[in-house]
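**Student:** Sharing a structure below in structure tokens format, with a few things to ask.
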Amino acid sequence: MTAASRLTLDTNILIYAIDASAGRKHSVARSLVLRAAAAHQPLMLQSLNELCAVATRKRFLDPAKIVAAVEFHRDAFPLIAANANDLTDAVSAHHDHNLPFWDALLWATARRAGCRLIVSEDFQDGRTLGGVLFRNPFAKKLPVEIDELLS
């Protein structure tokens with residue numbers, strides 16, 4: 001896999017993939033997670049950390065299921081952790097581009113990891129920053145950029 005063929009999934013995709021009450025978003029997200037894992041796409045450790053934080057805070061998963069989710073993602077994806085350079089890039093992106101800090105850190109880490117696409121409903125769909133495109137997978141039809149990278 002080349003850097004030009006990399007994407008990563010934001011936390012909300014991981015949550016919807018687990019949350020069966022999310023309806024259509026659940027089925028789309030579940031498919032994305034399975035396809036991304038099969039394609040050996042990287043997952044930012046931050047997304048997995050945030051999944052645990054949300055599941056714990058909202059109590060929508062019991063602790064054993066949170067551990068099972070962590071183990072699944074750990075085994076299914078190459079995990080990429082943020083480093084100090086990502087942190088400084090995130091501070092700059094937060095300040096210069098008005099991204100929420102944690103989104104900026106996800107972007108900085110994904111960019112360093114060679115991702116050209118972040119799949120999320122939280123960013124401005126279609127926006128490109130530093131060569132990284134943000135796409136929302138929950139449109140009527142899956143954006144072609146996502147489908148191409150997971151084919």
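Order determines the names: the first chain of the structure tokens is A, the second B, and so forth; residues in each chain are numbered 1 upward, and ligands are numbered 1 upward as they are shown.
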Excluding region 56-71 of chain A and any residue of its chain fewer than 5 positions from it, enumerate the residues within 10 Å of it, using only C-alpha atoms, and give them as a list in words.
**Tutor:**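 The contact residues come out as Leu14, Ile15, Ile18, Asp19, Leu48, Asn49, Glu50, Leu51 and Ala76 of chain A.
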**Student:** Could the residues in this selection be written to a file with N, CA, C and O atoms, as a JSON list (two decimals), in the first residue's frame?
**Tutor:**
[["chain", "number", "residue", "atom", "x", "y", "z"],
["A", 14, "LEU", "N", -16.02, 4.65, 14.14],
["A", 14, "LEU", "CA", -15.85, 3.49, 15.03],
["A", 14, "LEU", "C", -17.05, 3.34, 15.96],
["A", 14, "LEU", "O", -17.52, 2.22, 16.21],
["A", 15, "ILE", "N", -17.55, 4.45, 16.46],
["A", 15, "ILE", "CA", -18.70, 4.40, 17.37],
["A", 15, "ILE", "C", -19.95, 3.92, 16.64],
["A", 15, "ILE", "O", -20.65, 3.02, 17.12],
["A", 18, "ILE", "N", -20.24, 0.22, 16.08],
["A", 18, "ILE", "CA", -20.59, -0.58, 17.25],
["A", 18, "ILE", "C", -22.04, -0.36, 17.66],
["A", 18, "ILE", "O", -22.70, -1.28, 18.16],
["A", 19, "ASP", "N", -22.55, 0.84, 17.44],
["A", 19, "ASP", "CA", -23.87, 1.23, 17.93],
["A", 19, "ASP", "C", -24.98, 0.81, 16.96],
["A", 19, "ASP", "O", -25.31, 1.53, 16.02],
["A", 48, "LEU", "N", -9.03, 5.36, 18.55],
["A", 48, "LEU", "CA", -9.34, 4.26, 19.45],
["A", 48, "LEU", "C", -9.43, 4.75, 20.90],
["A", 48, "LEU", "O", -10.32, 4.33, 21.65],
["A", 49, "ASN", "N", -8.54, 5.66, 21.28],
["A", 49, "ASN", "CA", -8.60, 6.26, 22.62],
["A", 49, "ASN", "C", -9.94, 6.98, 22.82],
["A", 49, "ASN", "O", -10.58, 6.84, 23.87],
["A", 50, "GLU", "N", -10.34, 7.75, 21.83],
["A", 50, "GLU", "CA", -11.60, 8.50, 21.93],
["A", 50, "GLU", "C", -12.80, 7.56, 21.97],
["A", 50, "GLU", "O", -13.77, 7.83, 22.67],
["A", 51, "LEU", "N", -12.74, 6.46, 21.23],
["A", 51, "LEU", "CA", -13.81, 5.46, 21.29],
["A", 51, "LEU", "C", -13.99, 4.97, 22.72],
["A", 51, "LEU", "O", -15.11, 4.91, 23.24],
["A", 76, "ALA", "N", -6.88, -5.66, 14.04],
["A", 76, "ALA", "CA", -7.34, -5.47, 12.67],
["A", 76, "ALA", "C", -6.62, -4.37, 11.91],
["A", 76, "ALA", "O", -6.60, -4.39, 10.67]]
**Student:** Extract the full set of strand (DSSP E) residues from chain A according to DSSP on the backbone, and format it as an MDAnalysis selection string.
**Tutor:** chainID A and resid 6:9 43:44 79:80 115:119 128:129 132:135
**Student:** Counting only C-alpha atoms, figure out which residue out of A:Asp89, A:Asp75, A:Asp122, A:Glu145 gets nearest to Ala108 (chain A).
**Tutor:**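 Of the candidates, the smallest distance to Ala108 (chain A) is held by A:Asp89.
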**Student:** With only C-alpha atoms as the basis for distance, which of A:Asp86, A:Thr11, A:Ala81, A:Ala38 is at the shortest distance from Ala53 (chain A)?
**Tutor:** A:Thr11
**Student:** Choose the residue, out of A:Ala104, A:Leu7, A:Ala113, A:Leu32, that has the smallest atom-to-atom separation from Thr88 (chain A); count only C-alpha atoms.
**Tutor:**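 Of A:Ala104, A:Leu7, A:Ala113, A:Leu32, the one nearest Thr88 (chain A), counting only C-alpha atoms, is A:Ala104.
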**Student:** Would you mind telling me which residue in A:Phe77, A:Tyr16, A:Phe138, A:Phe123 lies nearest to Leu45 (chain A) when using only C-alpha atoms?
**Tutor:**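 Using only C-alpha atoms, the shortest distance to Leu45 (chain A) belongs to A:Phe77.
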**Student:** For CA of Pro100 (chain A) and CA of Ala39 (chain A), determine how far apart the two atoms are, in Å to one decimal place.
**Tutor:**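 Straight-line distance from CA of Pro100 (chain A) to CA of Ala39 (chain A) works out to 28.9 Å.
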**Student:** Tell me which protein, DNA and RNA residues are within 10 Å of Ala36 (chain A), counting only C-alpha atoms, leaving out same-chain ones fewer than 2 positions away, and put them as a list in words.
**Tutor:**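 So the residues in contact are Arg6, Leu7, Thr8, Leu9, Arg30, Ser31, Leu32, Val33, Leu34, Ala38, Ala39, His40, Gln41, Pro42, Leu43, Ala76, Phe77, Ile146, Leu149, Leu150 and Ser151 of chain A.
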**Student:** My list of candidates is A:His94, A:Ser5, A:Asn136, A:Gly126. Which is closest to Gly114 (chain A) when distances are computed with only C-alpha atoms?
**Tutor:**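 The shortest atom-to-atom distance to Gly114 (chain A) comes from A:Ser5.
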**Student:** Run DSSP on the backbone and give me the residues of chain A it puts in helix (DSSP H, G or I), as a PyMOL selection string.
**Tutor:** chain A and resi 3-5+11-18+20-22+24-38+45-58+63-76+84-97+101-112+144-150
